[in-house]
Amino acid sequence: MVNNHNVKKEEELYEPMRLWLHEYLTSKYKTSEIITVDAYSERLDKVLNKYGIVNDTAIGVDIQIDVLGIVRNKKNSAVKLFFIEVKKNKSYAA
């Protein structure tokens, strides 16, 4: 299991988080198309454009999402977006 204690870089957490998000969205939105992607290297509008999604609010905004989930309704093509911002911080015992 990957956690903050056995990784050196934040990027090592992206794929496990992407897989978790994909599983979560697939179980929650059973009749929708699910796309999950490590999107940290590109602006949000460019990543969305790759999947045929144009969101006027995202155009030109300099934001990079670590892990992006896209849920597209197969009937009406409505889209829901899910963002995960990954941080590798020290854990503190309570």
# chains A, B, ... in the order shown; residues from 1 in each chain; ligands from 1
call {"tool": "closest_atom_pairs", "arguments": {"of": "region 62-82 of chain A", "to": "region 22-34 of chain A", "cutoff": "9 Å", "atoms": "only C-alpha atoms", "output": "Markdown table"}}
result
| residue | atom | partner | partner_atom | distance |
| --- | --- | --- | --- | --- |
| A:Gly69 | CA | A:His22 | CA | 7.2 |
| A:Ile70 | CA | A:Ile34 | CA | 5.8 |
| A:Val71 | CA | A:Ile34 | CA | 4.9 |
| A:Arg72 | CA | A:Glu33 | CA | 5.1 |
| A:Asn73 | CA | A:Ser32 | CA | 4.8 |
| A:Lys74 | CA | A:Ser32 | CA | 5.5 |
| A:Lys75 | CA | A:Ser32 | CA | 8.4 |
call {"tool": "select_by_dssp", "arguments": {"residues": "chain A", "states": "alpha helix (DSSP H)", "output": "PDB file with C-alpha atoms, in the first residue's frame"}}
result
ATOM      1  CA  TYR A  14      -1.037  10.185  -8.249  1.00  0.00           C
ATOM      2  CA  GLU A  15      -1.581   6.743  -9.771  1.00  0.00           C
ATOM      3  CA  PRO A  16      -2.901   5.080  -6.588  1.00  0.00           C
ATOM      4  CA  MET A  17      -5.243   8.041  -6.089  1.00  0.00           C
ATOM      5  CA  ARG A  18      -6.355   7.880  -9.728  1.00  0.00           C
ATOM      6  CA  LEU A  19      -7.127   4.184  -9.378  1.00  0.00           C
ATOM      7  CA  TRP A  20      -9.072   4.808  -6.162  1.00  0.00           C
ATOM      8  CA  LEU A  21     -11.064   7.625  -7.783  1.00  0.00           C
ATOM      9  CA  HIS A  22     -11.819   5.494 -10.835  1.00  0.00           C
ATOM     10  CA  GLU A  23     -13.136   2.676  -8.665  1.00  0.00           C
ATOM     11  CA  TYR A  24     -15.193   5.077  -6.540  1.00  0.00           C
ATOM     12  CA  LEU A  25     -16.767   6.857  -9.519  1.00  0.00           C
ATOM     13  CA  THR A  26     -17.445   3.583 -11.352  1.00  0.00           C
ATOM     14  CA  SER A  27     -19.338   2.223  -8.359  1.00  0.00           C
ATOM     15  CA  LYS A  28     -21.267   5.465  -7.782  1.00  0.00           C
ATOM     16  CA  LEU A  44      -7.354  22.066 -16.850  1.00  0.00           C
ATOM     17  CA  ASP A  45      -8.836  23.489 -20.068  1.00  0.00           C
ATOM     18  CA  LYS A  46      -6.330  21.568 -22.214  1.00  0.00           C
ATOM     19  CA  VAL A  47      -7.001  18.281 -20.425  1.00  0.00           C
ATOM     20  CA  LEU A  48     -10.761  18.741 -20.753  1.00  0.00           C
ATOM     21  CA  ASN A  49     -10.378  19.596 -24.433  1.00  0.00           C
ATOM     22  CA  LYS A  50      -8.660  16.221 -25.026  1.00  0.00           C
TER      23      LYS A  50
END
call {"tool": "atom_distance", "arguments": {"atom1": "CA of Val86 (chain A)", "atom2": "CA of Glu11 (chain A)"}}
result
8.2 Å
call {"tool": "atom_distance", "arguments": {"atom1": "CA of Phe83 (chain A)", "atom2": "CA of Ser41 (chain A)"}}
result
14.2 Å
call {"tool": "select_by_dssp", "arguments": {"residues": "region 21-91 of chain A", "states": "strand (DSSP E or B)", "output": "ChimeraX atom specification"}}
result
/A:32-38,67-73,79-84
call {"tool": "atom_distance", "arguments": {"atom1": "CA of Asn89 (chain A)", "atom2": "CA of Ile65 (chain A)"}}
result
17.8 Å
call {"tool": "closest_residue", "arguments": {"among": "A:Asp38, A:Leu13, A:Arg43, A:Val54", "to": "Ala78 (chain A)", "atoms": "only C-alpha atoms"}}
result
A:Val54
